[in-house]
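Trainee: Take this structure, written in structure tokens, and hold onto it; I'll ask about it next.
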Amino acid sequence: MRACVIIPTYNESKAIAEVVRKSRHYGLEVVVIDDGSADNTAKIAREAGATVLENQNNQGKGASLIKGFDYALKTGFDYIITMDGDGQHLPEDIPFFLRLANSSDKGIFVGNRMSKVGNMPLVRVITNKFMSWLISLVIGQRVADTQCGFRLIKKEVLQKIKLTTTKYEIESELLIEAARQGFKIESVPVETVYAGEKSQINPFVDTLRFIKFITKQKWISR
């Protein structure tokens, strides 16, 4: 099975080189989607060995992921691993995702940071737990950390669903649409590093947008 790593980025010049190099250590193609960064993210990622796709303007994480998914499907990858470019997701967990995918009929494997929250900011802990409860209710499956961007998605999932959101709610949309198509989702314990980085997620604004998105889903009444 061929696997690649998709990394959406926006101004991640400090951490992206190490993330790319460590991910490539496992023999995988690493695809960085630079979302109109104002720094040297694209250049540094390319020098570290990544395939770089660039958005001329900042379009949002969802738009970047969709571009990466399209590339992965056209290139013939069977497993698509997504992770963040800020160093919070550890490439050392990639082999665990791959082993699970090879031995399971599940369609998506989602990283679970909630058993060891460590230095995760309290507002993130509360937001993640609330959103995970709500999304789990919508899809009828228990997913411990629905907002974690560290995932492995099998190509069959992406071939059957259509993603439309361009911001952070794409991670919820992906789970909802996959569940609608009958795919099972499994949680995978992962290590996450928090070292005082400033998150690009606004807990209040983005949570309201998540809720607005979810209320549009027909399943919310089921």
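Residues in the structure tokens are named by chain (A, B, ... in the order shown) and by number from 1 within that chain; ligands are numbered from 1 in the order shown.
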Could you pull out the strand (DSSP E) residues of stretch 20-63 of chain A from DSSP and send them as a PyMOL selection string?
Mentor: chain A and resi 29-35+51-55
Trainee: Please produce an output containing N, CA and C atoms for each residue in the selection, written as a PDB file, in the first residue's frame.
Mentor:
```pdb
ATOM      1  N   GLU A  29       6.249   9.922   0.658  1.00  0.00           N
ATOM      2  CA  GLU A  29       6.248  11.239   0.030  1.00  0.00           C
ATOM      3  C   GLU A  29       5.525  12.198   0.960  1.00  0.00           C
ATOM      4  N   VAL A  30       6.111  13.358   1.169  1.00  0.00           N
ATOM      5  CA  VAL A  30       5.503  14.383   2.013  1.00  0.00           C
ATOM      6  C   VAL A  30       5.060  15.532   1.120  1.00  0.00           C
ATOM      7  N   VAL A  31       3.788  15.870   1.209  1.00  0.00           N
ATOM      8  CA  VAL A  31       3.216  16.936   0.391  1.00  0.00           C
ATOM      9  C   VAL A  31       2.807  18.089   1.303  1.00  0.00           C
ATOM     10  N   VAL A  32       3.455  19.216   1.143  1.00  0.00           N
ATOM     11  CA  VAL A  32       3.150  20.401   1.938  1.00  0.00           C
ATOM     12  C   VAL A  32       2.313  21.346   1.083  1.00  0.00           C
ATOM     13  N   ILE A  33       1.171  21.757   1.610  1.00  0.00           N
ATOM     14  CA  ILE A  33       0.351  22.757   0.932  1.00  0.00           C
ATOM     15  C   ILE A  33       0.546  24.071   1.672  1.00  0.00           C
ATOM     16  N   ASP A  34       1.218  24.998   1.033  1.00  0.00           N
ATOM     17  CA  ASP A  34       1.486  26.291   1.665  1.00  0.00           C
ATOM     18  C   ASP A  34       0.335  27.244   1.344  1.00  0.00           C
ATOM     19  N   ASP A  35      -0.352  27.691   2.377  1.00  0.00           N
ATOM     20  CA  ASP A  35      -1.583  28.463   2.204  1.00  0.00           C
ATOM     21  C   ASP A  35      -1.317  29.964   2.210  1.00  0.00           C
ATOM     22  N   THR A  51       7.260  17.698  -1.507  1.00  0.00           N
ATOM     23  CA  THR A  51       6.554  18.212  -2.671  1.00  0.00           C
ATOM     24  C   THR A  51       5.701  19.365  -2.169  1.00  0.00           C
ATOM     25  N   VAL A  52       5.812  20.525  -2.782  1.00  0.00           N
ATOM     26  CA  VAL A  52       5.108  21.700  -2.277  1.00  0.00           C
ATOM     27  C   VAL A  52       4.067  22.179  -3.286  1.00  0.00           C
ATOM     28  N   LEU A  53       2.820  22.288  -2.809  1.00  0.00           N
ATOM     29  CA  LEU A  53       1.742  22.897  -3.576  1.00  0.00           C
ATOM     30  C   LEU A  53       1.422  24.228  -2.911  1.00  0.00           C
ATOM     31  N   GLU A  54       1.228  25.268  -3.688  1.00  0.00           N
ATOM     32  CA  GLU A  54       1.065  26.597  -3.106  1.00  0.00           C
ATOM     33  C   GLU A  54      -0.265  27.242  -3.469  1.00  0.00           C
ATOM     34  N   ASN A  55      -0.912  27.827  -2.463  1.00  0.00           N
ATOM     35  CA  ASN A  55      -2.055  28.719  -2.682  1.00  0.00           C
ATOM     36  C   ASN A  55      -1.502  30.144  -2.725  1.00  0.00           C
TER      37      ASN A  55
END
```
Trainee: Could you list, as number ranges by chain, every residue within 12 Å of A:Thr146, counting only C-alpha atoms and ignoring same-chain residues fewer than 2 positions away?
Mentor: A: 108-114, 125, 127-139, 141-144, 148-151, 168-176, 185-188, 210
Trainee: Excluding A:Glu177 and its own-chain neighbours fewer than 5 positions away, which residues fall within 10 Å of it when counting only C-alpha atoms? Please give them as a VMD selection string.
Mentor: chain A and resid 139 157 to 158 160 to 163 172 182 to 183 217
Trainee: Keeping only C-alpha atoms, write the selected residues to a file as a short mmCIF file (atom, residue, chain, number, x, y, z; two decimals), in the first residue's frame.
Mentor:
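File out14.cif, as written:
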```cif
data_model
loop_
_atom_site.label_atom_id
_atom_site.label_comp_id
_atom_site.auth_asym_id
_atom_site.auth_seq_id
_atom_site.Cartn_x
_atom_site.Cartn_y
_atom_site.Cartn_z
CA ILE A 139 -22.18 10.39 13.35
CA VAL A 157 -13.15 7.27 1.82
CA LEU A 158 -11.97 10.24 -0.20
CA LYS A 160 -16.77 8.43 -2.04
CA ILE A 161 -17.21 11.76 -0.28
CA LYS A 162 -17.30 15.39 -1.39
CA LEU A 163 -15.73 17.98 0.88
CA SER A 172 -15.70 17.62 11.27
CA GLY A 182 -20.85 3.73 6.11
CA PHE A 183 -17.16 3.98 6.99
CA GLN A 217 -26.38 18.56 8.77
#
```
Trainee: Could you list, as JSON, numbers by chain, every residue within 9 Å of stretch 7-23 of chain A, counting only C-alpha atoms and ignoring same-chain residues fewer than 4 positions away?
Mentor: {"A": [27, 28, 29, 30, 31, 32, 33, 34, 35, 36, 37, 38, 39, 40, 41, 42, 43, 44, 45, 46, 47, 48, 49, 50, 58, 60, 61, 62, 64, 65, 68, 81, 82, 83, 84, 85, 86, 87, 89, 90, 91, 92, 94]}
Trainee: Residues as selected, C-alpha atoms, written as a short mmCIF file (atom, residue, chain, number, x, y, z; two decimals), in the first residue's frame, can you do that?
Mentor:
```cif
data_model
loop_
_atom_site.label_atom_id
_atom_site.label_comp_id
_atom_site.auth_asym_id
_atom_site.auth_seq_id
_atom_site.Cartn_x
_atom_site.Cartn_y
_atom_site.Cartn_z
CA GLY A 27 9.96 6.35 3.08
CA LEU A 28 6.83 8.39 2.44
CA GLU A 29 6.25 11.24 0.03
CA VAL A 30 5.50 14.38 2.01
CA VAL A 31 3.22 16.94 0.39
CA VAL A 32 3.15 20.40 1.94
CA ILE A 33 0.35 22.76 0.93
CA ASP A 34 1.49 26.29 1.67
CA ASP A 35 -1.58 28.46 2.20
CA GLY A 36 -0.25 31.83 1.12
CA SER A 37 2.36 32.10 3.87
CA ALA A 38 4.13 35.42 4.38
CA ASP A 39 7.34 33.66 5.46
CA ASN A 40 9.62 31.06 3.82
CA THR A 41 7.53 28.00 4.66
CA ALA A 42 7.31 26.79 1.04
CA LYS A 43 11.02 27.26 0.34
CA ILE A 44 12.11 25.54 3.55
CA ALA A 45 9.72 22.63 3.03
CA ARG A 46 10.96 22.13 -0.53
CA GLU A 47 14.59 22.17 0.62
CA ALA A 48 13.73 19.55 3.26
CA GLY A 49 12.48 17.23 0.52
CA ALA A 50 8.74 17.89 0.38
CA ASN A 58 -4.66 32.36 2.21
CA GLY A 60 -7.98 28.17 4.84
CA LYS A 61 -7.00 24.76 6.13
CA GLY A 62 -9.93 23.08 4.44
CA SER A 64 -5.43 23.26 1.51
CA LEU A 65 -6.47 19.77 2.57
CA GLY A 68 -3.71 17.81 -1.02
CA ILE A 81 -1.87 10.74 6.44
CA THR A 82 -2.64 14.30 7.51
CA MET A 83 -0.71 16.16 10.16
CA ASP A 84 0.04 19.73 11.20
CA GLY A 85 3.25 21.52 10.31
CA ASP A 86 3.87 23.24 13.64
CA GLY A 87 5.61 20.30 15.31
CA HIS A 89 2.21 16.04 15.88
CA LEU A 90 5.10 13.61 16.11
CA PRO A 91 6.09 11.79 12.91
CA GLU A 92 7.27 8.96 15.15
CA ILE A 94 3.24 7.40 11.69
#
```
Trainee: According to DSSP computed on the backbone, where in stretch 101-169 of chain A is there helix (DSSP H, G or I)? Give the residues as a PDB file with C-alpha atoms, in the first residue's frame.
Mentor:
```pdb
ATOM      1  CA  ALA A 101      -4.537   0.590   8.679  1.00  0.00           C
ATOM      2  CA  ASN A 102      -2.945  -2.557   7.271  1.00  0.00           C
ATOM      3  CA  SER A 103      -4.735  -4.795   9.756  1.00  0.00           C
ATOM      4  CA  LEU A 122      -7.438  24.431  29.110  1.00  0.00           C
ATOM      5  CA  VAL A 123      -9.660  26.213  26.591  1.00  0.00           C
ATOM      6  CA  ARG A 124      -8.540  23.702  23.942  1.00  0.00           C
ATOM      7  CA  VAL A 125      -9.306  20.781  26.250  1.00  0.00           C
ATOM      8  CA  ILE A 126     -12.829  22.071  26.902  1.00  0.00           C
ATOM      9  CA  THR A 127     -13.477  22.911  23.248  1.00  0.00           C
ATOM     10  CA  ASN A 128     -12.159  19.568  22.002  1.00  0.00           C
ATOM     11  CA  LYS A 129     -14.221  17.563  24.490  1.00  0.00           C
ATOM     12  CA  PHE A 130     -17.391  19.454  23.620  1.00  0.00           C
ATOM     13  CA  MET A 131     -16.875  19.150  19.873  1.00  0.00           C
ATOM     14  CA  SER A 132     -15.958  15.470  20.158  1.00  0.00           C
ATOM     15  CA  TRP A 133     -19.147  14.795  22.100  1.00  0.00           C
ATOM     16  CA  LEU A 134     -21.245  16.667  19.535  1.00  0.00           C
ATOM     17  CA  ILE A 135     -19.661  15.115  16.431  1.00  0.00           C
ATOM     18  CA  SER A 136     -19.844  11.649  17.974  1.00  0.00           C
ATOM     19  CA  LEU A 137     -23.553  12.224  18.534  1.00  0.00           C
ATOM     20  CA  VAL A 138     -24.043  13.302  14.930  1.00  0.00           C
ATOM     21  CA  ILE A 139     -22.182  10.387  13.346  1.00  0.00           C
ATOM     22  CA  LYS A 155      -8.411   6.381  -0.432  1.00  0.00           C
ATOM     23  CA  GLU A 156     -11.814   4.653  -0.574  1.00  0.00           C
ATOM     24  CA  VAL A 157     -13.155   7.271   1.822  1.00  0.00           C
ATOM     25  CA  LEU A 158     -11.966  10.241  -0.202  1.00  0.00           C
ATOM     26  CA  GLN A 159     -13.225   8.669  -3.417  1.00  0.00           C
ATOM     27  CA  LYS A 160     -16.773   8.435  -2.043  1.00  0.00           C
TER      28      LYS A 160
END
```
Trainee: Which distance in Å separates atom CA of A:Val193 and atom CA of A:Met120, to one decimal?
Mentor: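 Result for atom CA of A:Val193 versus atom CA of A:Met120: 8.3 Å, one decimal.
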Trainee: Quick one, how far is atom CA of A:Val190 from atom CA of A:Pro95?
Mentor: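 So the answer is 11.5 Å.
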